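> Sharing a structure with you now.
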6 protein chains.
Amino acid sequence: MKFGDNCWVDMQQADKNKIVVMPLGSMEQHGHHSPLLTDTYLVTEIAERVEEHLSGQIYMLPTLWLGASDHHLDLPGTVSVTNSVYSAIIKNIVRSIAKAGFRRLLFLNGHGGNVTPGTQAITELTNESDVYNEMWIALSSYWTVAAPAISPEDHGMQTKQLTHACEYETSMMLFLHGEIMRMDRVKSSPPLINSPYFHSEYGGRLNVAKRMATRTPTGAMGEPQYATPQKGESLLNAIADEVIACIEDFATWS
Amino acid sequence: MKFGDNCWVDMQQADKNKIVVMPLGSMEQHGHHSPLLTDTYLVTEIAERVEEHLSGQIYMLPTLWLGASDHHLDLPGTVSVTNSVYSAIIKNIVRSIAKAGFRRLLFLNGHGGNVTPGTQAITELTNESDVYNEMWIALSSYWTVAAPAISPEDHGMQTKQLTHACEYETSMMLFLHGEIMRMDRVKSSPPLINSPYFHSEYGGRLNVAKRMATRTPTGAMGEPQYATPQKGESLLNAIADEVIACIEDFATWS
Amino acid sequence: MKFGDNCWVDMQQADKNKIVVMPLGSMEQHGHHSPLLTDTYLVTEIAERVEEHLSGQIYMLPTLWLGASDHHLDLPGTVSVTNSVYSAIIKNIVRSIAKAGFRRLLFLNGHGGNVTPGTQAITELTNESDVYNEMWIALSSYWTVAAPAISPEDHGMQTKQLTHACEYETSMMLFLHGEIMRMDRVKSSPPLINSPYFHSEYGGRLNVAKRMATRTPTGAMGEPQYATPQKGESLLNAIADEVIACIEDFATWS
Amino acid sequence: MKFGDNCWVDMQQADKNKIVVMPLGSMEQHGHHSPLLTDTYLVTEIAERVEEHLSGQIYMLPTLWLGASDHHLDLPGTVSVTNSVYSAIIKNIVRSIAKAGFRRLLFLNGHGGNVTPGTQAITELTNESDVYNEMWIALSSYWTVAAPAISPEDHGMQTKQLTHACEYETSMMLFLHGEIMRMDRVKSSPPLINSPYFHSEYGGRLNVAKRMATRTPTGAMGEPQYATPQKGESLLNAIADEVIACIEDFATWS
Amino acid sequence: MKFGDNCWVDMQQADKNKIVVMPLGSMEQHGHHSPLLTDTYLVTEIAERVEEHLSGQIYMLPTLWLGASDHHLDLPGTVSVTNSVYSAIIKNIVRSIAKAGFRRLLFLNGHGGNVTPGTQAITELTNESDVYNEMWIALSSYWTVAAPAISPEDHGMQTKQLTHACEYETSMMLFLHGEIMRMDRVKSSPPLINSPYFHSEYGGRLNVAKRMATRTPTGAMGEPQYATPQKGESLLNAIADEVIACIEDFATWS
Amino acid sequence: MKFGDNCWVDMQQADKNKIVVMPLGSMEQHGHHSPLLTDTYLVTEIAERVEEHLSGQIYMLPTLWLGASDHHLDLPGTVSVTNSVYSAIIKNIVRSIAKAGFRRLLFLNGHGGNVTPGTQAITELTNESDVYNEMWIALSSYWTVAAPAISPEDHGMQTKQLTHACEYETSMMLFLHGEIMRMDRVKSSPPLINSPYFHSEYGGRLNVAKRMATRTPTGAMGEPQYATPQKGESLLNAIADEVIACIEDFATWS
């Protein structure tokens, strides 16, 4: 059910064991070819499928399109808050949901940069008050929740994992919003350092802090030129199914 | 034009004198009868009309549905950040828009509680750096910008001004989203104190800080029982026209 | 009664329903002709008249001469704190008054720049604890409280409203401290932008953030050349009467 | 010269090598017998004597009566900010004075609780920017500056040093504002712990944090019953002379 | 080389391309059987081996034993700072190292709770100034850097991975400081929720915030009863080798 | 007893009236001749002697080598946090110790720059909650606690007091770690200003904020050329004895 279409007296009477789900997006550069709202479009699509399937069991908040994307600010159009402000936002949201009496809250994340400040926030909250420690508060990205369902071989992917404006994200955007995609501008962009300790685009064994414009000239990662709408449809179906399964499991924890 | 459907290279080449407009909403209780997203629905409708009419002259951001509504938190379903966090959000957004090179930014506000922290933010920013003082940064609520166009007599209103979940807001919601309105639950709610110094619902000559649940038992103000969709349509047309006129004027300041 | 001339044991035994009044001033540029302490001198004069008239009913704190005037810092002699620090000061003062057990507190403001951070502070406090929500905490500028009593026609004013170092403030200063006024230096200073949306000196329908040195070359607004001590005396009498009436009304709210 | 009676154009033309002096007071309990504004009255008297004597060489700001007195809040009437907020205030004031172009600034302190947060502030500022490191910024209490001039034997004191609402402060208040002193209420109050490591009322070799109501039941320290106006006059003369001598020396540092 | 045994003139002349390494530990409960300093002892041992092997190429700071362990505070003896304060510490350290002119900095982490606030810090810094973006700043836990070298089969481990006070950490402590280990107190402690989405002790696909005392009654995780000093020696050798190899690789990035 | 070698169940059963002692050091420039860790080495030596002598009565934490040394940052190798962050650290540590149930806590300081932020912290804490006001929380430097025991004449010192990298500190370092001292580089460095109000190296009657590189070209103060290991041994013995006596006294306060 859509959270925001209720009146407060409806919320007062709601079953407080239902899970409140809040999708987290971003407004940030996604290379020369994919729009600023890419992460927001993708996580919103997944959230809508979840909401449709689990309508009676969850309250779905609207996607927060404002994310922690400061490492993308060198490339214009990115609209972002710092990690610290993002942590404050997440804390305030949990506080609001707790105040309403709900006991289960899932942040369904769609942007890598939100993970650290989001985790910073829910960890601190849990340490600040028993109220939050007694709730079930979770924050995970859809590609982490659905990791086993998006192995490259199952969807015909050429690249190993979902990164940023990559074959995976581009495929899903082509399926959903092909009309605003600019595949004519796609270029391949190799990683900055070729080292086994720095091989992963997001993190790696040696977690190095560098802004995106330093890591990749186009702002994209992976190999978006291999993207197709068919791959995107296949990925979205698998992800939505796995996220739904996860939420159904989460609902049983006590 | 929709800001978020551009790629960063489009933003790099954009005319930086165009106005970036960002609508500000809320997720907060609106009495027994109007949904939590009321302010967001209303300001988004106005923003869409503005975007349609001024498509070539502005970049329209999506509505930020998360507002400063802590004074409503006693009534469940309100999702809010504190004033201080809201100020931080607004500062971070201005910073992002300035970083992209734009020179004109309008926050088109749809929730009264956002005005103080929003003004706190843009005032501080202007004092912090010449970069912000040299930009044109404005923040106003649609009912302030359009004040001369929404006089009660022009739209057949029974009450004097737009407040909260009142005849005005309820009328506009009835026109736009009548199917989720619960007019069967409407009650009149008189103000807390009957004093000439406390007569206005929002502020008044003596600006008194009290949470909403202390001011009104239902969470609504004004007289929503007089609302009709016809009044709502009339108000929306007048507001959109005046906001458009204002933005056209703003575009000429130098 | 003067708050600060009591010992703590007197305060312990005080009637906690009496109103604590705290005047808020500033140390900021007031054009070429009026001294840095203008706002402090004016609000202190009004406070002293109030204290004299309501001596048995109120506790009057000394004026806080340090205000939120960062937008005036370009013009030297301004001594100011940022909006955020001013909000923190106001919160700490309310906390102190609440700790002493008083239930009614009025900040009688004499500087426009204090309104936003002062309101930010009392709004946040009210949302933070029932202690503050149950008190009556108000913050208003003397020109707002006394608005009906200072209409231009009643005092022979040439300009429509009180702004900054204007005909109104200058008249009152001429009456009170003519010996330090430099009327020989007065010049007229027209507003920066001539637009119906930007017509008001303080705010207007489109609330635009700009530092004072950008808005007016002299640092003054309005038309101080029309000021006379007679107008000043007339204004001060009317303002003091209306502020007294307001406080007497405030004392009855419950 | 009084800082606040100048216009900004006067400050623009001022000799920036003159010393700006800012007296720091408090509004806090001073036992059963001395008023809340005791520290403010005393430091203001000293400041006025300094201003009179060095009129052409300094700019004297008004006393900031709001201090860091949270350790006194248990006893009602204390109006205070936390140490952190006080540090922020001091930093903002230095920033304002530096912005005006002055190179020498002395905080003349009259309340013990201001020393730590004031020192925290000026130390941090000096580390933050060369602008502040290149200025001469000092903060000292009048009893520290004038230490050699207030030895007990020179003024017939029974107790060894100035503490809080003690023989010294009470004597000076009797001389200046005897009409509001309540000597009829004076009681002796011995220190909490009788240990050579805890012997000093302010600090001692083992610096222990305890609120005042825990340290002394009356809120006073030392032996106020020995106070006389004659001792007070003698102390004030000696202190003012030594503070003046110090400022004259400070003016020559380069 | 040991960083702290140098004088500042030595640091002025140092080769700024050498890597500064700072080990991060904790003081936190490690079950009934392992001491509060467990993480600090382990990461310090690894750091000392690294320093010995790479003496001419690195500057090794002392281990910071104070970590972000608030989720352990329910169990006494834990000495910790909040995530936000830990982030501030890390930012201040990077700032100090950058001020000295070094270009490469590795935080070698030994406590899981430090990862989120540490990453929050270095990400924010990189976004705040080009100075930090141009440096190579990395933060990784030794078990992440050395992941391929500590597969369970290579060291005869019964459990799959290193968690907290587990078979792995206990084995290494038995090898290093067996005299203070209390193996007589060891109990097995199964995870709180048996779900495929919550299976991992540190994180898992659904990242859930819960304090440690809620997750495990003893404060330990994994199966410490299988620990032996031989396994510990084998693990330490493998980890030290892999961390050394990583640092040698890191030294070549440009 | 060493705090960190206990398990949490040991701490649960500990006698909570025992004093927790935490030594505070620094990593900062100490002139051309003494290493960055000077303060840490010295306070750690004293702490170890205390721990040995009072083993059954106290819990000794490891020295925190990270201090508030920003005023030394101009000279490379200094690793420091700002005063504000240092205050936050101290507050968090007190909170941790209070959470474990201990009632007495002594910060044994070894670096002058830690005093102001440490005092800021414990003062604020005591004002924030009765929990902290009811504890005995002290913070003092070893040279303050032991002041009567280190008079120059008792140890053959040529200079009047302990300052920074001076005859005193250098003597103790020569005794403890002569092998890393560089006496070949020692130069005398006279104070910046020769004034009776500025005569003391640490503070003086006029407390002036200046960074160290502005005060002394070498970074050292006093006359380190007079240092000998014999003086150092004598000082260390006297200091340790007096600190032990103080702690034994502190243990009896109630």
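Labels for the structure tokens follow display order: chains A, B, ..., residues from 1 in each chain, ligands from 1.
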For a quick test of understanding: name the residues of chain A lying within 9 Å of chain B when counting only C-alpha atoms, and present them as an MDAnalysis selection string.

chainID A and resid 3:12 27:38 62:66 70 73:82 85:86 88:89 91:97 99:101 180:182 219

> If you keep C-alpha atoms, can you produce a file of those selected residues as a compact mmCIF listing (two decimals), in the first residue's frame?


```txt
# COMPACT_ATOMS: atom_id res chain seq x y z
CA PHE A 3 2.16 5.14 2.57
CA GLY A 4 1.42 8.71 1.51
CA ASP A 5 -2.18 8.21 0.40
CA ASN A 6 -3.30 7.47 3.94
CA CYS A 7 -4.62 10.00 6.44
CA TRP A 8 -3.06 10.06 9.91
CA VAL A 9 -6.05 8.32 11.49
CA ASP A 10 -5.49 5.46 9.06
CA MET A 11 -1.89 5.25 10.21
CA GLN A 12 -2.98 5.29 13.82
CA MET A 27 20.27 12.50 -8.92
CA GLU A 28 23.74 12.06 -10.28
CA GLN A 29 25.72 11.82 -13.47
CA HIS A 30 25.53 8.43 -15.18
CA GLY A 31 27.98 8.89 -17.99
CA HIS A 32 27.39 10.53 -21.34
CA HIS A 33 24.48 8.24 -22.13
CA SER A 34 22.19 7.66 -19.13
CA PRO A 35 20.12 10.35 -17.37
CA LEU A 36 20.75 11.92 -13.96
CA LEU A 37 17.77 10.12 -12.47
CA THR A 38 18.95 6.63 -13.50
CA PRO A 62 7.94 7.43 -2.25
CA THR A 63 11.55 7.21 -3.46
CA LEU A 64 13.88 9.80 -1.97
CA TRP A 65 15.61 11.01 -5.14
CA LEU A 66 18.17 13.08 -3.23
CA ASP A 70 29.22 14.23 -3.71
CA LEU A 73 29.70 16.58 -8.24
CA ASP A 74 32.56 17.33 -10.63
CA LEU A 75 30.20 16.30 -13.42
CA PRO A 76 27.34 18.84 -13.63
CA GLY A 77 23.71 18.05 -12.93
CA THR A 78 24.54 15.97 -9.88
CA VAL A 79 22.36 17.15 -6.96
CA SER A 80 23.61 15.71 -3.71
CA VAL A 81 24.06 16.04 0.03
CA THR A 82 27.25 15.22 1.95
CA VAL A 85 23.75 15.22 5.96
CA TYR A 86 22.56 11.98 4.38
CA ALA A 88 21.10 12.85 9.41
CA ILE A 89 18.26 12.40 6.91
CA LYS A 91 18.16 9.06 11.21
CA ASN A 92 15.29 11.51 11.02
CA ILE A 93 13.27 9.18 8.85
CA VAL A 94 13.74 6.23 11.19
CA ARG A 95 12.73 8.48 14.07
CA SER A 96 9.53 9.46 12.24
CA ILE A 97 8.60 5.86 11.46
CA LYS A 99 7.19 7.68 16.34
CA ALA A 100 4.28 6.35 14.28
CA GLY A 101 4.71 3.00 16.05
CA ILE A 180 15.79 9.16 -23.09
CA MET A 181 18.87 6.96 -23.39
CA ARG A 182 21.73 8.21 -25.58
CA GLY A 219 31.57 9.10 -15.53
```

> Do you know which residues are at most 10 Å from Leu235 of chain C counting only C-alpha atoms, after dropping those on the same chain fewer than 3 positions away, and could you put them as number ranges by chain?

C: 146, 149-152, 154-157, 168-169, 171-172, 229-232, 238-241

> Could those residues be written to a file, using C-alpha atoms, as a compact mmCIF listing (two decimals), in the first residue's frame?


```txt
# COMPACT_ATOMS: atom_id res chain seq x y z
CA ALA C 146 2.60 47.09 16.93
CA ALA C 149 -0.33 51.35 15.60
CA ILE C 150 2.39 52.50 13.21
CA SER C 151 0.48 53.10 10.00
CA PRO C 152 2.24 55.92 8.11
CA ASP C 154 -1.02 58.24 11.92
CA HIS C 155 2.50 59.59 12.32
CA GLY C 156 2.95 61.73 9.24
CA MET C 157 5.41 59.33 7.62
CA TYR C 168 11.10 55.30 10.98
CA GLU C 169 14.23 54.10 12.77
CA SER C 171 13.15 59.38 13.54
CA MET C 172 13.14 57.37 16.75
CA PRO C 229 12.45 63.67 16.23
CA GLN C 230 8.73 64.51 16.46
CA LYS C 231 7.83 61.54 14.26
CA GLY C 232 10.13 59.43 16.40
CA ALA C 238 2.38 54.23 19.91
CA ILE C 239 4.68 51.21 19.80
CA ALA C 240 5.17 51.05 23.56
CA ASP C 241 1.41 51.25 24.14
```

> Residues within 8 Å of segment 107-118 of chain E, please, as JSON, numbers by chain. Count only C-alpha atoms; anything in the same chain fewer than 4 positions from it doesn't count.

{"A": [116, 117, 119, 120], "E": [21, 22, 23, 24, 25, 26, 39, 40, 42, 43, 47, 67, 68, 69, 83, 84, 86, 87, 90, 122, 138, 139, 140, 141, 142, 202]}

> Hey, can you spit out that residue selection with C-alpha atoms as a PDB file, in the first residue's frame?


```pdb
ATOM      1  CA  THR A 116      28.060   4.059   3.970  1.00  0.00           C
ATOM      2  CA  PRO A 117      26.139   7.098   5.307  1.00  0.00           C
ATOM      3  CA  THR A 119      24.746   2.373   7.617  1.00  0.00           C
ATOM      4  CA  GLN A 120      26.464   5.058   9.703  1.00  0.00           C
TER       5      GLN A 120
ATOM      6  CA  VAL E  21      50.431   3.408   7.801  1.00  0.00           C
ATOM      7  CA  MET E  22      48.112   3.793  10.761  1.00  0.00           C
ATOM      8  CA  PRO E  23      46.725   0.691  12.516  1.00  0.00           C
ATOM      9  CA  LEU E  24      43.196   1.008  13.913  1.00  0.00           C
ATOM     10  CA  GLY E  25      42.171  -1.069  16.923  1.00  0.00           C
ATOM     11  CA  SER E  26      39.493  -1.051  19.601  1.00  0.00           C
ATOM     12  CA  ASP E  39      41.587  -6.171  18.184  1.00  0.00           C
ATOM     13  CA  THR E  40      44.371  -3.822  19.214  1.00  0.00           C
ATOM     14  CA  LEU E  42      46.092  -8.378  16.704  1.00  0.00           C
ATOM     15  CA  VAL E  43      46.379  -5.396  14.384  1.00  0.00           C
ATOM     16  CA  ALA E  47      51.631  -3.756  11.927  1.00  0.00           C
ATOM     17  CA  GLY E  67      37.572   2.652  18.133  1.00  0.00           C
ATOM     18  CA  ALA E  68      33.930   2.869  17.156  1.00  0.00           C
ATOM     19  CA  SER E  69      32.442   0.150  19.342  1.00  0.00           C
ATOM     20  CA  ASN E  83      30.519   6.668  14.621  1.00  0.00           C
ATOM     21  CA  SER E  84      30.357  10.428  14.057  1.00  0.00           C
ATOM     22  CA  TYR E  86      35.258   8.354  14.874  1.00  0.00           C
ATOM     23  CA  SER E  87      34.703   9.870  11.439  1.00  0.00           C
ATOM     24  CA  ILE E  90      39.916   9.916  10.912  1.00  0.00           C
ATOM     25  CA  ILE E 122      37.696   9.496   3.797  1.00  0.00           C
ATOM     26  CA  ALA E 138      42.996   3.827   1.665  1.00  0.00           C
ATOM     27  CA  LEU E 139      41.258   2.107   4.547  1.00  0.00           C
ATOM     28  CA  SER E 140      40.863  -1.657   4.742  1.00  0.00           C
ATOM     29  CA  SER E 141      40.631  -4.314   7.389  1.00  0.00           C
ATOM     30  CA  TYR E 142      43.436  -6.858   7.483  1.00  0.00           C
ATOM     31  CA  TYR E 202      29.042  -9.176   9.812  1.00  0.00           C
TER      32      TYR E 202
END
```

> Within segment 132-215 of chain A, find each residue whose DSSP state, derived from the backbone, is strand (DSSP E or B), and express the selection as an MDAnalysis selection string.

chainID A and resid 136:141 208

> Next, write the just-selected residues to a file, as a JSON list (two decimals), in the first residue's frame, keeping N, CA, C and O atoms as the atom set.


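This is the output file result-v9.json:
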```json
[["chain", "number", "residue", "atom", "x", "y", "z"],
["A", 136, "TRP", "N", 13.29, -3.68, 13.94],
["A", 136, "TRP", "CA", 14.07, -4.31, 12.89],
["A", 136, "TRP", "C", 14.30, -3.26, 11.81],
["A", 136, "TRP", "O", 13.38, -2.94, 11.06],
["A", 137, "ILE", "N", 15.50, -2.75, 11.75],
["A", 137, "ILE", "CA", 15.84, -1.70, 10.78],
["A", 137, "ILE", "C", 16.91, -2.26, 9.84],
["A", 137, "ILE", "O", 17.98, -2.66, 10.29],
["A", 138, "ALA", "N", 16.60, -2.28, 8.55],
["A", 138, "ALA", "CA", 17.56, -2.83, 7.58],
["A", 138, "ALA", "C", 17.77, -1.84, 6.45],
["A", 138, "ALA", "O", 16.88, -1.06, 6.11],
["A", 139, "LEU", "N", 18.97, -1.90, 5.87],
["A", 139, "LEU", "CA", 19.29, -1.07, 4.70],
["A", 139, "LEU", "C", 20.16, -1.91, 3.78],
["A", 139, "LEU", "O", 21.25, -2.34, 4.17],
["A", 140, "SER", "N", 19.66, -2.17, 2.58],
["A", 140, "SER", "CA", 20.47, -2.92, 1.62],
["A", 140, "SER", "C", 20.16, -2.45, 0.21],
["A", 140, "SER", "O", 19.04, -2.03, -0.09],
["A", 141, "SER", "N", 21.16, -2.55, -0.64],
["A", 141, "SER", "CA", 20.98, -2.22, -2.04],
["A", 141, "SER", "C", 20.29, -3.39, -2.75],
["A", 141, "SER", "O", 20.51, -4.54, -2.39],
["A", 208, "VAL", "N", 39.77, 2.54, -1.58],
["A", 208, "VAL", "CA", 40.46, 3.80, -1.87],
["A", 208, "VAL", "C", 39.44, 4.90, -2.15],
["A", 208, "VAL", "O", 38.50, 4.70, -2.90]]
```
